[in-house]
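model_10.txt follows (compact mmCIF, C-alpha atoms):
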```
# COMPACT_ATOMS: atom_id res chain seq x y z
CA MET R 1 19.44 10.75 -8.60
CA LYS R 2 17.11 13.38 -7.25
CA LEU R 3 14.67 12.76 -4.41
CA TYR R 4 11.76 15.16 -4.04
CA GLY R 5 10.61 14.91 -0.44
CA TYR R 6 9.68 16.68 2.75
CA TRP R 7 11.37 16.28 6.11
CA ARG R 8 8.23 15.12 7.94
CA SER R 9 6.78 12.91 5.21
CA SER R 10 6.83 9.28 6.37
CA ALA R 11 6.96 8.05 2.78
CA ALA R 12 9.97 10.25 1.94
CA TYR R 13 11.63 9.14 5.22
CA ARG R 14 11.31 5.51 4.02
CA VAL R 15 13.16 6.27 0.78
CA ARG R 16 15.88 8.20 2.65
CA ILE R 17 16.53 5.15 4.86
CA ALA R 18 16.61 2.86 1.80
CA LEU R 19 19.11 5.08 -0.01
CA ASN R 20 21.30 5.20 3.10
CA LEU R 21 21.20 1.43 3.67
CA LYS R 22 22.21 0.93 0.04
CA GLN R 23 24.90 3.61 0.36
CA LEU R 24 23.41 5.52 -2.54
CA THR R 25 23.35 9.28 -2.72
CA ALA R 26 20.68 11.55 -4.15
CA GLU R 27 20.13 15.28 -4.34
CA HIS R 28 17.35 16.04 -1.85
CA ILE R 29 14.85 18.61 -3.09
CA SER R 30 12.32 19.91 -0.60
CA VAL R 31 8.63 20.13 -1.48
CA HIS R 32 7.06 21.95 1.45
CA LEU R 33 3.73 20.28 2.17
CA VAL R 34 2.36 23.19 4.20
CA ASN R 35 3.85 26.48 2.97
CA ASN R 36 2.46 28.27 -0.09
CA GLY R 37 -0.75 26.25 0.02
CA GLY R 38 1.33 23.08 -0.21
CA GLU R 39 4.08 23.13 -2.82
CA GLN R 40 3.02 19.60 -3.88
CA ASN R 41 -0.06 21.25 -5.44
CA SER R 42 1.95 23.56 -7.74
CA ALA R 43 1.71 23.29 -11.52
CA ILE R 44 5.43 22.50 -11.71
CA TYR R 45 5.15 19.62 -9.26
CA HIS R 46 2.08 18.33 -11.08
CA GLN R 47 4.37 17.57 -14.02
CA LEU R 48 6.50 15.37 -11.76
CA ASN R 49 3.64 13.68 -9.94
CA PRO R 50 -0.03 14.17 -10.79
CA GLN R 51 -0.82 12.53 -7.41
CA HIS R 52 0.64 15.65 -5.74
CA LEU R 53 2.39 13.47 -3.19
CA VAL R 54 5.98 13.06 -2.06
CA PRO R 55 8.34 11.35 -2.58
CA VAL R 56 9.32 11.30 -6.23
CA LEU R 57 12.61 9.81 -7.39
CA VAL R 58 14.22 10.91 -10.65
CA ASP R 59 16.97 8.67 -11.98
CA ASN R 60 18.78 8.38 -15.27
CA GLY R 61 16.96 5.74 -17.28
CA GLU R 62 17.58 3.84 -20.46
CA GLN R 63 15.39 6.24 -22.38
CA GLY R 64 16.05 9.53 -20.65
CA GLU R 65 14.93 10.41 -17.14
CA LEU R 66 12.79 7.99 -15.17
CA THR R 67 10.37 9.73 -12.81
CA LEU R 68 8.88 7.47 -10.15
CA SER R 69 6.23 8.00 -7.50
CA GLN R 70 5.07 5.77 -4.61
CA SER R 71 7.69 5.04 -1.96
CA LEU R 72 7.49 1.22 -2.07
CA ALA R 73 7.74 1.20 -5.86
CA ILE R 74 10.77 3.49 -5.58
CA ILE R 75 12.42 1.21 -3.00
CA GLU R 76 11.73 -1.95 -5.05
CA PHE R 77 13.25 -0.13 -8.03
CA LEU R 78 16.37 0.70 -6.01
CA GLU R 79 16.52 -2.95 -4.93
CA ASP R 80 16.21 -4.17 -8.54
CA LYS R 81 18.67 -1.68 -10.04
CA TYR R 82 21.20 -1.42 -7.22
CA PRO R 83 21.15 -4.87 -5.60
CA GLN R 84 24.04 -4.19 -3.19
CA HIS R 85 23.08 -4.14 0.52
CA ASN R 86 19.80 -5.90 -0.18
CA LEU R 87 16.65 -4.71 1.54
CA LEU R 88 14.74 -7.94 0.87
CA PRO R 89 15.92 -11.44 1.78
CA THR R 90 16.98 -13.62 -1.15
CA ASN R 91 14.76 -16.55 -0.09
CA ILE R 92 11.34 -16.27 -1.76
CA GLU R 93 9.32 -17.08 1.36
CA ASP R 94 11.31 -14.72 3.54
CA ARG R 95 10.91 -11.93 0.96
CA ALA R 96 7.16 -12.48 1.07
CA ILE R 97 7.01 -12.17 4.85
CA VAL R 98 9.05 -8.96 4.80
CA ARG R 99 6.81 -7.47 2.11
CA SER R 100 3.74 -8.54 4.06
CA MET R 101 4.92 -6.70 7.18
CA ALA R 102 5.90 -3.63 5.16
CA GLN R 103 2.48 -3.49 3.53
CA ALA R 104 0.67 -4.00 6.82
CA ILE R 105 2.07 -0.56 7.61
CA ALA R 106 2.06 1.05 4.16
CA CYS R 107 -1.44 -0.10 3.17
CA GLU R 108 -3.29 -0.32 6.49
CA ILE R 109 -1.91 2.35 8.82
CA HIS R 110 -0.15 5.15 7.00
CA PRO R 111 -2.81 5.88 4.33
CA LEU R 112 -5.39 6.55 7.05
CA ASP R 113 -3.23 8.75 9.22
CA ASN R 114 -1.34 10.99 6.85
CA LEU R 115 -1.63 14.75 6.70
CA ARG R 116 -4.08 15.16 3.84
CA VAL R 117 -6.50 12.62 5.32
CA LEU R 118 -6.46 14.21 8.77
CA GLN R 119 -7.00 17.62 7.15
CA TYR R 120 -9.94 16.29 5.11
CA LEU R 121 -11.53 14.75 8.21
CA VAL R 122 -11.52 18.08 10.03
CA ASN R 123 -12.10 20.49 7.16
CA GLU R 124 -14.60 18.54 5.07
CA MET R 125 -16.19 15.96 7.37
CA GLY R 126 -16.55 18.36 10.31
CA VAL R 127 -14.79 15.99 12.69
CA SER R 128 -13.51 17.63 15.90
CA GLU R 129 -9.82 17.82 16.77
CA ALA R 130 -10.45 15.35 19.61
CA ASP R 131 -12.15 12.87 17.28
CA LYS R 132 -9.38 13.33 14.72
CA MET R 133 -6.89 12.21 17.36
CA ARG R 134 -9.14 9.26 18.27
CA TRP R 135 -9.19 8.28 14.57
CA TYR R 136 -5.42 8.61 14.39
CA HIS R 137 -4.78 6.48 17.47
CA HIS R 138 -7.38 3.88 16.45
CA TRP R 139 -5.69 2.95 13.18
CA ILE R 140 -2.19 2.91 14.62
CA HIS R 141 -3.20 0.79 17.61
CA LEU R 142 -5.09 -1.63 15.36
CA GLY R 143 -2.14 -1.94 12.99
CA PHE R 144 0.57 -2.13 15.66
CA THR R 145 -1.37 -4.76 17.65
CA ALA R 146 -1.44 -7.06 14.62
CA LEU R 147 2.15 -6.25 13.64
CA GLU R 148 3.36 -7.06 17.14
CA VAL R 149 2.00 -10.61 16.68
CA GLN R 150 3.70 -10.96 13.28
CA LEU R 151 6.96 -9.67 14.75
CA SER R 152 6.81 -12.19 17.59
CA HIS R 153 7.16 -14.92 14.93
CA HIS R 154 9.87 -13.30 12.85
CA CYS R 155 11.83 -10.56 14.57
CA GLY R 156 15.31 -10.56 15.96
CA ARG R 157 17.13 -7.28 16.42
CA PHE R 158 15.10 -6.07 13.43
CA CYS R 159 11.65 -6.86 12.01
CA PHE R 160 12.90 -9.93 10.21
CA GLY R 161 15.83 -11.52 11.97
CA ASP R 162 18.99 -9.57 12.59
CA LYS R 163 19.28 -7.55 9.40
CA PRO R 164 17.38 -4.37 8.55
CA SER R 165 14.89 -4.76 5.71
CA LEU R 166 12.00 -3.12 3.91
CA ALA R 167 9.85 -3.85 6.97
CA ASP R 168 12.05 -1.72 9.24
CA ILE R 169 12.12 0.96 6.55
CA CYS R 170 8.32 1.18 6.85
CA LEU R 171 8.13 0.71 10.60
CA ILE R 172 10.52 3.41 11.77
CA PRO R 173 8.78 6.38 10.10
CA GLN R 174 5.44 5.10 11.43
CA VAL R 175 6.82 4.91 14.98
CA TYR R 176 8.36 8.37 14.59
CA ASN R 177 4.93 9.61 13.58
CA ALA R 178 3.23 7.83 16.50
CA LYS R 179 5.69 9.33 18.99
CA ARG R 180 5.02 12.77 17.58
CA PHE R 181 1.32 12.25 18.32
CA ASN R 182 2.09 10.97 21.86
CA LEU R 183 0.92 7.43 21.24
CA ASP R 184 1.65 5.08 24.14
CA LEU R 185 3.86 2.29 22.79
CA ALA R 186 4.03 0.23 26.02
CA ALA R 187 1.89 -2.57 24.54
CA TYR R 188 4.37 -3.09 21.68
CA PRO R 189 7.68 -4.32 23.14
CA ASN R 190 8.97 -5.76 19.86
CA ILE R 191 8.26 -2.53 18.01
CA VAL R 192 9.96 -0.46 20.71
CA SER R 193 13.00 -2.74 20.74
CA ILE R 194 13.35 -2.54 16.95
CA TRP R 195 12.98 1.25 17.09
CA ASP R 196 15.80 1.43 19.62
CA GLU R 197 17.99 -0.87 17.55
CA CYS R 198 17.44 1.12 14.35
CA GLN R 199 18.34 4.40 16.04
CA GLN R 200 21.85 2.98 16.53
CA LEU R 201 22.38 2.75 12.77
CA ALA R 202 23.55 5.81 10.87
CA ALA R 203 21.36 4.82 7.89
CA PHE R 204 18.27 5.36 10.03
CA ALA R 205 19.55 8.19 12.21
CA ASP R 206 20.71 10.27 9.25
CA ALA R 207 17.33 9.85 7.55
CA ALA R 208 15.38 11.20 10.53
CA PRO R 209 13.18 14.23 9.84
CA GLU R 210 15.11 16.58 12.14
CA GLN R 211 18.34 15.84 10.27
CA GLN R 212 16.97 17.10 6.94
CA HIS R 213 17.96 20.46 5.49
CA ASP R 214 14.32 21.58 5.25
CA ALA R 215 13.43 20.73 8.88
CA SER R 216 11.96 23.64 10.79
CA MET P 1 -2.86 -23.56 -2.09
CA LYS P 2 -5.73 -22.16 -0.08
CA LEU P 3 -7.06 -18.63 -0.49
CA TYR P 4 -9.12 -17.22 2.34
CA GLY P 5 -11.23 -14.43 0.84
CA TYR P 6 -14.63 -12.87 0.42
CA TRP P 7 -16.47 -12.33 -2.81
CA ARG P 8 -16.74 -8.56 -2.46
CA SER P 9 -13.28 -7.89 -1.01
CA SER P 10 -11.24 -5.88 -3.52
CA ALA P 11 -8.01 -7.25 -2.11
CA ALA P 12 -9.16 -10.89 -2.46
CA TYR P 13 -10.40 -10.07 -5.99
CA ARG P 14 -6.86 -8.94 -6.87
CA VAL P 15 -5.38 -12.27 -5.79
CA ARG P 16 -8.05 -14.20 -7.67
CA ILE P 17 -7.13 -12.39 -10.89
CA ALA P 18 -3.42 -13.02 -10.28
CA LEU P 19 -3.99 -16.74 -9.72
CA ASN P 20 -6.07 -16.94 -12.90
CA LEU P 21 -3.55 -15.04 -15.02
CA LYS P 22 -0.85 -17.41 -13.80
CA GLN P 23 -3.12 -20.41 -14.38
CA LEU P 24 -2.73 -21.48 -10.76
CA THR P 25 -5.51 -23.04 -8.75
CA ALA P 26 -6.33 -22.65 -5.09
CA GLU P 27 -9.07 -23.81 -2.80
CA HIS P 28 -11.23 -20.77 -2.09
CA ILE P 29 -12.40 -20.51 1.51
CA SER P 30 -14.97 -17.87 2.31
CA VAL P 31 -14.54 -15.56 5.29
CA HIS P 32 -17.82 -13.65 5.48
CA LEU P 33 -16.98 -10.05 6.36
CA VAL P 34 -20.51 -9.19 7.48
CA ASN P 35 -22.26 -12.28 8.89
CA ASN P 36 -21.66 -13.47 12.46
CA GLY P 37 -20.16 -10.13 13.47
CA GLY P 38 -17.62 -10.54 10.69
CA GLU P 39 -15.98 -13.93 10.49
CA GLN P 40 -12.59 -12.23 10.07
CA ASN P 41 -12.85 -11.30 13.75
CA SER P 42 -13.14 -14.91 14.97
CA ALA P 43 -10.51 -16.49 17.19
CA ILE P 44 -9.80 -19.12 14.53
CA TYR P 45 -9.16 -16.52 11.84
CA HIS P 46 -6.98 -14.54 14.24
CA GLN P 47 -4.53 -17.45 14.12
CA LEU P 48 -4.31 -17.06 10.35
CA ASN P 49 -4.16 -13.28 10.28
CA PRO P 50 -3.97 -11.07 13.38
CA GLN P 51 -4.86 -8.14 11.08
CA HIS P 52 -8.34 -9.69 10.72
CA LEU P 53 -8.32 -8.88 7.00
CA VAL P 54 -8.73 -10.92 3.84
CA PRO P 55 -7.10 -12.28 1.79
CA VAL P 56 -4.73 -14.83 3.28
CA LEU P 57 -2.86 -17.32 1.13
CA VAL P 58 -1.63 -20.62 2.55
CA ASP P 59 0.93 -22.48 0.46
CA ASN P 60 3.26 -25.38 1.09
CA GLY P 61 6.56 -23.89 2.12
CA GLU P 62 10.08 -25.16 2.64
CA GLN P 63 9.48 -25.43 6.35
CA GLY P 64 5.82 -26.41 6.55
CA GLU P 65 2.92 -24.19 5.64
CA LEU P 66 3.52 -20.57 4.66
CA THR P 67 0.67 -18.27 5.70
CA LEU P 68 0.72 -14.89 3.98
CA SER P 69 -1.37 -11.75 4.37
CA GLN P 70 -1.50 -8.52 2.32
CA SER P 71 -2.64 -8.92 -1.27
CA LEU P 72 0.36 -7.27 -2.96
CA ALA P 73 2.80 -9.33 -0.91
CA ILE P 74 0.85 -12.45 -1.90
CA ILE P 75 0.94 -11.51 -5.59
CA GLU P 76 4.67 -10.70 -5.50
CA PHE P 77 5.19 -14.09 -3.83
CA LEU P 78 3.24 -15.82 -6.60
CA GLU P 79 5.35 -13.91 -9.14
CA ASP P 80 8.60 -14.97 -7.43
CA LYS P 81 7.63 -18.61 -6.89
CA TYR P 82 5.62 -19.27 -10.06
CA PRO P 83 7.23 -17.02 -12.67
CA GLN P 84 5.15 -18.32 -15.59
CA HIS P 85 2.74 -15.77 -17.14
CA ASN P 86 4.54 -12.90 -15.50
CA LEU P 87 2.56 -10.09 -13.91
CA LEU P 88 5.47 -7.65 -13.87
CA PRO P 89 7.57 -6.67 -16.88
CA THR P 90 11.12 -8.04 -16.91
CA ASN P 91 12.70 -4.64 -17.58
CA ILE P 92 13.57 -2.95 -14.27
CA GLU P 93 12.21 0.48 -15.21
CA ASP P 94 8.99 -0.94 -16.61
CA ARG P 95 8.48 -3.03 -13.45
CA ALA P 96 8.87 0.11 -11.38
CA ILE P 97 6.21 1.96 -13.36
CA VAL P 98 3.76 -0.92 -13.05
CA ARG P 99 4.35 -1.14 -9.29
CA SER P 100 3.94 2.62 -9.00
CA MET P 101 0.52 2.50 -10.69
CA ALA P 102 -0.54 -0.49 -8.60
CA GLN P 103 0.41 1.27 -5.39
CA ALA P 104 -1.29 4.50 -6.41
CA ILE P 105 -4.45 2.41 -6.06
CA ALA P 106 -3.47 0.06 -3.25
CA CYS P 107 -1.93 2.73 -0.99
CA GLU P 108 -3.89 5.89 -1.88
CA ILE P 109 -7.44 4.88 -2.80
CA HIS P 110 -8.44 1.47 -1.47
CA PRO P 111 -7.28 1.91 2.16
CA LEU P 112 -9.52 4.95 2.54
CA ASP P 113 -12.61 3.47 0.97
CA ASN P 114 -12.82 -0.06 2.26
CA LEU P 115 -15.63 -1.43 4.38
CA ARG P 116 -14.09 -1.14 7.84
CA VAL P 117 -13.06 2.47 7.27
CA LEU P 118 -16.50 3.50 6.01
CA GLN P 119 -18.08 1.73 8.99
CA TYR P 120 -15.75 3.53 11.42
CA LEU P 121 -16.54 6.91 9.85
CA VAL P 122 -20.26 6.45 10.42
CA ASN P 123 -20.29 4.48 13.68
CA GLU P 124 -17.43 6.15 15.54
CA MET P 125 -16.92 9.56 13.94
CA GLY P 126 -20.64 10.30 13.62
CA VAL P 127 -20.35 11.11 9.92
CA SER P 128 -23.67 11.05 8.02
CA GLU P 129 -24.38 8.57 5.23
CA ALA P 130 -24.28 11.45 2.75
CA ASP P 131 -20.89 12.62 3.99
CA LYS P 132 -19.62 9.05 3.94
CA MET P 133 -20.45 8.90 0.24
CA ARG P 134 -18.77 12.28 -0.30
CA TRP P 135 -15.65 10.89 1.41
CA TYR P 136 -15.80 7.76 -0.73
CA HIS P 137 -16.14 9.67 -4.00
CA HIS P 138 -13.48 12.20 -3.03
CA TRP P 139 -10.67 9.69 -2.65
CA ILE P 140 -11.58 7.72 -5.76
CA HIS P 141 -11.86 10.85 -7.91
CA LEU P 142 -8.55 12.16 -6.57
CA GLY P 143 -6.82 8.85 -7.23
CA PHE P 144 -8.38 8.18 -10.62
CA THR P 145 -7.64 11.71 -11.85
CA ALA P 146 -3.93 11.21 -11.17
CA LEU P 147 -3.94 7.65 -12.48
CA GLU P 148 -5.57 8.76 -15.71
CA VAL P 149 -2.54 11.03 -16.33
CA GLN P 150 -0.11 8.20 -15.60
CA LEU P 151 -2.05 5.88 -17.90
CA SER P 152 -1.93 8.42 -20.72
CA HIS P 153 1.86 7.96 -20.74
CA HIS P 154 1.95 4.18 -20.45
CA CYS P 155 -1.28 2.42 -21.36
CA GLY P 156 -2.18 0.42 -24.42
CA ARG P 157 -5.00 -2.06 -24.22
CA PHE P 158 -4.01 -2.48 -20.57
CA CYS P 159 -2.47 -0.21 -17.92
CA PHE P 160 1.04 -0.81 -19.16
CA GLY P 161 1.12 -1.55 -22.86
CA ASP P 162 -0.81 -4.45 -24.31
CA LYS P 163 -0.31 -7.07 -21.60
CA PRO P 164 -2.20 -7.34 -18.33
CA SER P 165 -0.06 -6.68 -15.25
CA LEU P 166 -0.16 -6.00 -11.53
CA ALA P 167 -1.55 -2.55 -12.32
CA ASP P 168 -4.65 -3.99 -14.00
CA ILE P 169 -4.99 -6.45 -11.13
CA CYS P 170 -5.33 -3.49 -8.76
CA LEU P 171 -7.37 -1.30 -11.10
CA ILE P 172 -10.21 -3.66 -11.98
CA PRO P 173 -11.41 -4.35 -8.41
CA GLN P 174 -11.26 -0.63 -7.67
CA VAL P 175 -13.39 0.16 -10.75
CA TYR P 176 -15.82 -2.61 -9.81
CA ASN P 177 -16.13 -0.99 -6.40
CA ALA P 178 -16.60 2.48 -7.90
CA LYS P 179 -19.35 1.23 -10.20
CA ARG P 180 -21.09 -0.37 -7.24
CA PHE P 181 -21.17 3.05 -5.57
CA ASN P 182 -22.42 4.72 -8.77
CA LEU P 183 -19.31 6.76 -9.40
CA ASP P 184 -19.37 8.60 -12.73
CA LEU P 185 -16.36 7.38 -14.74
CA ALA P 186 -16.84 9.67 -17.75
CA ALA P 187 -13.75 11.71 -16.92
CA TYR P 188 -11.54 8.61 -17.08
CA PRO P 189 -11.54 7.30 -20.66
CA ASN P 190 -8.34 5.26 -20.27
CA ILE P 191 -9.63 3.59 -17.13
CA VAL P 192 -12.96 2.77 -18.78
CA SER P 193 -11.25 1.40 -21.88
CA ILE P 194 -8.97 -0.85 -19.77
CA TRP P 195 -11.96 -2.02 -17.74
CA ASP P 196 -13.75 -3.03 -20.95
CA GLU P 197 -10.67 -4.80 -22.27
CA CYS P 198 -10.14 -6.77 -19.04
CA GLN P 199 -13.76 -7.96 -19.00
CA GLN P 200 -12.98 -9.82 -22.23
CA LEU P 201 -10.40 -11.99 -20.48
CA ALA P 202 -11.54 -15.08 -18.59
CA ALA P 203 -8.87 -14.48 -15.94
CA PHE P 204 -10.63 -11.26 -14.96
CA ALA P 205 -14.22 -12.32 -15.65
CA ASP P 206 -13.93 -15.52 -13.62
CA ALA P 207 -12.48 -13.59 -10.67
CA ALA P 208 -15.42 -11.17 -10.51
CA PRO P 209 -17.31 -11.07 -7.19
CA GLU P 210 -20.59 -12.35 -8.60
CA GLN P 211 -18.82 -15.45 -9.94
CA GLN P 212 -17.67 -16.56 -6.49
CA HIS P 213 -19.34 -19.39 -4.61
CA ASP P 214 -20.01 -17.19 -1.57
CA ALA P 215 -21.68 -14.37 -3.56
CA SER P 216 -25.12 -13.48 -2.31
```

Rewritten as structure tokens:
Amino acid sequence: MKLYGYWRSSAAYRVRIALNLKQLTAEHISVHLVNNGGEQNSAIYHQLNPQHLVPVLVDNGEQGELTLSQSLAIIEFLEDKYPQHNLLPTNIEDRAIVRSMAQAIACEIHPLDNLRVLQYLVNEMGVSEADKMRWYHHWIHLGFTALEVQLSHHCGRFCFGDKPSLADICLIPQVYNAKRFNLDLAAYPNIVSIWDECQQLAAFADAAPEQQHDAS
Amino acid sequence: MKLYGYWRSSAAYRVRIALNLKQLTAEHISVHLVNNGGEQNSAIYHQLNPQHLVPVLVDNGEQGELTLSQSLAIIEFLEDKYPQHNLLPTNIEDRAIVRSMAQAIACEIHPLDNLRVLQYLVNEMGVSEADKMRWYHHWIHLGFTALEVQLSHHCGRFCFGDKPSLADICLIPQVYNAKRFNLDLAAYPNIVSIWDECQQLAAFADAAPEQQHDAS
């Protein structure tokens, strides 16, 4: 398998954790989101992903190469094809709760706070740097406040009980991102505790941005 | 089952289509997103969903009532629990492609263009109504341009071949929304063709916003 990603991309970080938890290996190919006008905008990358986003996974398929975009679709594919070390509970209701928590991050927080959106706010909407940071903090606080309630019903050492899952895979990159932007996490004890727990696992630690070969 | 939704919510619209395609019925309970300061912000609704978003599905679970938020998690739950009239292909690679297209809408377009985000842009970021519309159109055009390429590889009468799937379930509400905001769809012939095809199916037509009891 090949994973096209970028060290600081939260979505690529998710897939790196998933691969590690499943003990799968992939060749990591860096797509630098800033240099050269953003390598994700190149004509070559367009062939891989017309969305011009990372990550993209390329795997051997039944009919030649399978090229997949969207991190959660990639992770569900890994779960379907390589069921060892499952990332979703086997019980249908438990699976649903884990997916719900994962999407509360992937659909409600991350899309609003990623690089291209923050750039568009400043460059095209004329929003000040201070207001950009207010925007950023607003959506994370809103999302984390709700998630903290969900976690209080379901978490143990991890988001859902005592086993890492798709929810932790989404949470950890979002917390990494929040820490980078100096967000105060004091109001979110469950989130902080799960962050600390995940850092103890090599699958998470090895997937961290600073551990990637393209980190700078 | 009970579905808490709102006639114009794209995410509730998705779940309505999914229920119809699966020939499942639910009691539809309206949560008015505008009246009374937004009923999703009430203390009662907070108990159902601390994210203060629709939809929420309540189903009988193994251990009492299961209360689920996030439309894609709800639809995957319906697919797991009620496998009849499947919304995802059975082949692992095909499932992955359908999920990838669905998430290209649910994670890259809809989160940026929904009501609360547009309200925040104007009320808190001081963005003009004209710039708000520019923002709205930008993210839809960006997303639809990429999706149109993906569809050219996979679509038949529907997003993936000749059977409606999770991808159509996400696409149709987004197109409905785009039409409401007078977006020119001429550059997206596959999307327009799939829209037309879906309108012929009762499962989609009956789920349309104007057909809901709380439409006004």

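All residues of protein, DNA or RNA that reach within 8 Å of Lys132 (chain P), judged by all atoms listed in the file and not counting those fewer than 6 positions away in the chain, are P:Leu118, P:Leu121, P:Val122.
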
Starting from chain P, keep only residues with some atom at most 9 Å from an atom of chain R, counting all atoms listed in the file, and report them as a PDB file with C-alpha atoms, in the coordinates of the input.
```
ATOM      1  CA  ASN P  49      -4.160 -13.280  10.280  1.00  0.00           C
ATOM      2  CA  PRO P  50      -3.970 -11.070  13.380  1.00  0.00           C
ATOM      3  CA  GLN P  51      -4.860  -8.140  11.080  1.00  0.00           C
ATOM      4  CA  HIS P  52      -8.340  -9.690  10.720  1.00  0.00           C
ATOM      5  CA  GLY P  61       6.560 -23.890   2.120  1.00  0.00           C
ATOM      6  CA  GLU P  62      10.080 -25.160   2.640  1.00  0.00           C
ATOM      7  CA  LEU P  66       3.520 -20.570   4.660  1.00  0.00           C
ATOM      8  CA  THR P  67       0.670 -18.270   5.700  1.00  0.00           C
ATOM      9  CA  LEU P  68       0.720 -14.890   3.980  1.00  0.00           C
ATOM     10  CA  SER P  69      -1.370 -11.750   4.370  1.00  0.00           C
ATOM     11  CA  GLN P  70      -1.500  -8.520   2.320  1.00  0.00           C
ATOM     12  CA  SER P  71      -2.640  -8.920  -1.270  1.00  0.00           C
ATOM     13  CA  LEU P  72       0.360  -7.270  -2.960  1.00  0.00           C
ATOM     14  CA  ALA P  73       2.800  -9.330  -0.910  1.00  0.00           C
ATOM     15  CA  ILE P  74       0.850 -12.450  -1.900  1.00  0.00           C
ATOM     16  CA  GLU P  76       4.670 -10.700  -5.500  1.00  0.00           C
ATOM     17  CA  PHE P  77       5.190 -14.090  -3.830  1.00  0.00           C
ATOM     18  CA  ASP P  80       8.600 -14.970  -7.430  1.00  0.00           C
ATOM     19  CA  LYS P  81       7.630 -18.610  -6.890  1.00  0.00           C
ATOM     20  CA  ILE P  92      13.570  -2.950 -14.270  1.00  0.00           C
ATOM     21  CA  GLU P  93      12.210   0.480 -15.210  1.00  0.00           C
ATOM     22  CA  ARG P  95       8.480  -3.030 -13.450  1.00  0.00           C
ATOM     23  CA  ALA P  96       8.870   0.110 -11.380  1.00  0.00           C
ATOM     24  CA  ILE P  97       6.210   1.960 -13.360  1.00  0.00           C
ATOM     25  CA  VAL P  98       3.760  -0.920 -13.050  1.00  0.00           C
ATOM     26  CA  ARG P  99       4.350  -1.140  -9.290  1.00  0.00           C
ATOM     27  CA  SER P 100       3.940   2.620  -9.000  1.00  0.00           C
ATOM     28  CA  MET P 101       0.520   2.500 -10.690  1.00  0.00           C
ATOM     29  CA  ALA P 102      -0.540  -0.490  -8.600  1.00  0.00           C
ATOM     30  CA  GLN P 103       0.410   1.270  -5.390  1.00  0.00           C
ATOM     31  CA  ALA P 104      -1.290   4.500  -6.410  1.00  0.00           C
ATOM     32  CA  ALA P 106      -3.470   0.060  -3.250  1.00  0.00           C
ATOM     33  CA  CYS P 107      -1.930   2.730  -0.990  1.00  0.00           C
ATOM     34  CA  GLU P 108      -3.890   5.890  -1.880  1.00  0.00           C
ATOM     35  CA  ILE P 109      -7.440   4.880  -2.800  1.00  0.00           C
ATOM     36  CA  HIS P 110      -8.440   1.470  -1.470  1.00  0.00           C
ATOM     37  CA  PRO P 111      -7.280   1.910   2.160  1.00  0.00           C
ATOM     38  CA  LEU P 112      -9.520   4.950   2.540  1.00  0.00           C
ATOM     39  CA  VAL P 117     -13.060   2.470   7.270  1.00  0.00           C
ATOM     40  CA  TYR P 120     -15.750   3.530  11.420  1.00  0.00           C
ATOM     41  CA  LEU P 121     -16.540   6.910   9.850  1.00  0.00           C
ATOM     42  CA  GLU P 124     -17.430   6.150  15.540  1.00  0.00           C
ATOM     43  CA  MET P 125     -16.920   9.560  13.940  1.00  0.00           C
ATOM     44  CA  GLY P 126     -20.640  10.300  13.620  1.00  0.00           C
ATOM     45  CA  VAL P 127     -20.350  11.110   9.920  1.00  0.00           C
ATOM     46  CA  SER P 128     -23.670  11.050   8.020  1.00  0.00           C
ATOM     47  CA  ASP P 131     -20.890  12.620   3.990  1.00  0.00           C
ATOM     48  CA  LYS P 132     -19.620   9.050   3.940  1.00  0.00           C
ATOM     49  CA  ARG P 134     -18.770  12.280  -0.300  1.00  0.00           C
ATOM     50  CA  TRP P 135     -15.650  10.890   1.410  1.00  0.00           C
ATOM     51  CA  LEU P 142      -8.550  12.160  -6.570  1.00  0.00           C
ATOM     52  CA  GLY P 143      -6.820   8.850  -7.230  1.00  0.00           C
ATOM     53  CA  THR P 145      -7.640  11.710 -11.850  1.00  0.00           C
ATOM     54  CA  ALA P 146      -3.930  11.210 -11.170  1.00  0.00           C
ATOM     55  CA  LEU P 147      -3.940   7.650 -12.480  1.00  0.00           C
ATOM     56  CA  VAL P 149      -2.540  11.030 -16.330  1.00  0.00           C
ATOM     57  CA  GLN P 150      -0.110   8.200 -15.600  1.00  0.00           C
TER      58      GLN P 150
END
```

To one decimal place, how far is CA of Asn20 (chain P) from CA of Ala203 (chain P) in Å?
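Pair CA of Asn20 (chain P) / CA of Ala203 (chain P) returns 4.8 Å.
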
Interatomic distance between CA of Ser193 (chain R) and CA of Pro89 (chain R)?
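Going from CA of Ser193 (chain R) over to CA of Pro89 (chain R) covers 21.1 Å.
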
Edge lengths and centre in Å to one decimal, as lines of an AutoDock Vina configuration file, is what I'm after for the box along x, y and z that holds all listed atoms of region 11-24 of chain R once 3 Å is added on each side.
```
center_x = 15.9
center_y = 5.6
center_z = 1.3
size_x = 23.9
size_y = 15.3
size_z = 13.8
```

Just how far from CA of Asn190 (chain R) is CA of Gln23 (chain R), in Å to one decimal?
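CA of Asn190 (chain R) lies at a distance of 26.9 Å from CA of Gln23 (chain R).
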
Which one of P:Asn35, P:Asp214, P:His141, P:Cys159 sits closest to Tyr4 (chain P) if you count only C-alpha atoms?
P:Asp214

Residues near Asp162 (chain P), anyone? I mean within 12 Å using all atoms listed in the file, not counting same-chain ones fewer than 6 positions away, as a PDB file with C-alpha atoms, in the frame of the given file.
```
ATOM      1  CA  PRO P  89       7.570  -6.670 -16.880  1.00  0.00           C
ATOM      2  CA  HIS P 154       1.950   4.180 -20.450  1.00  0.00           C
ATOM      3  CA  CYS P 155      -1.280   2.420 -21.360  1.00  0.00           C
ATOM      4  CA  GLY P 156      -2.180   0.420 -24.420  1.00  0.00           C
ATOM      5  CA  ASP P 168      -4.650  -3.990 -14.000  1.00  0.00           C
ATOM      6  CA  ILE P 194      -8.970  -0.850 -19.770  1.00  0.00           C
ATOM      7  CA  GLU P 197     -10.670  -4.800 -22.270  1.00  0.00           C
ATOM      8  CA  CYS P 198     -10.140  -6.770 -19.040  1.00  0.00           C
TER       9      CYS P 198
END
```
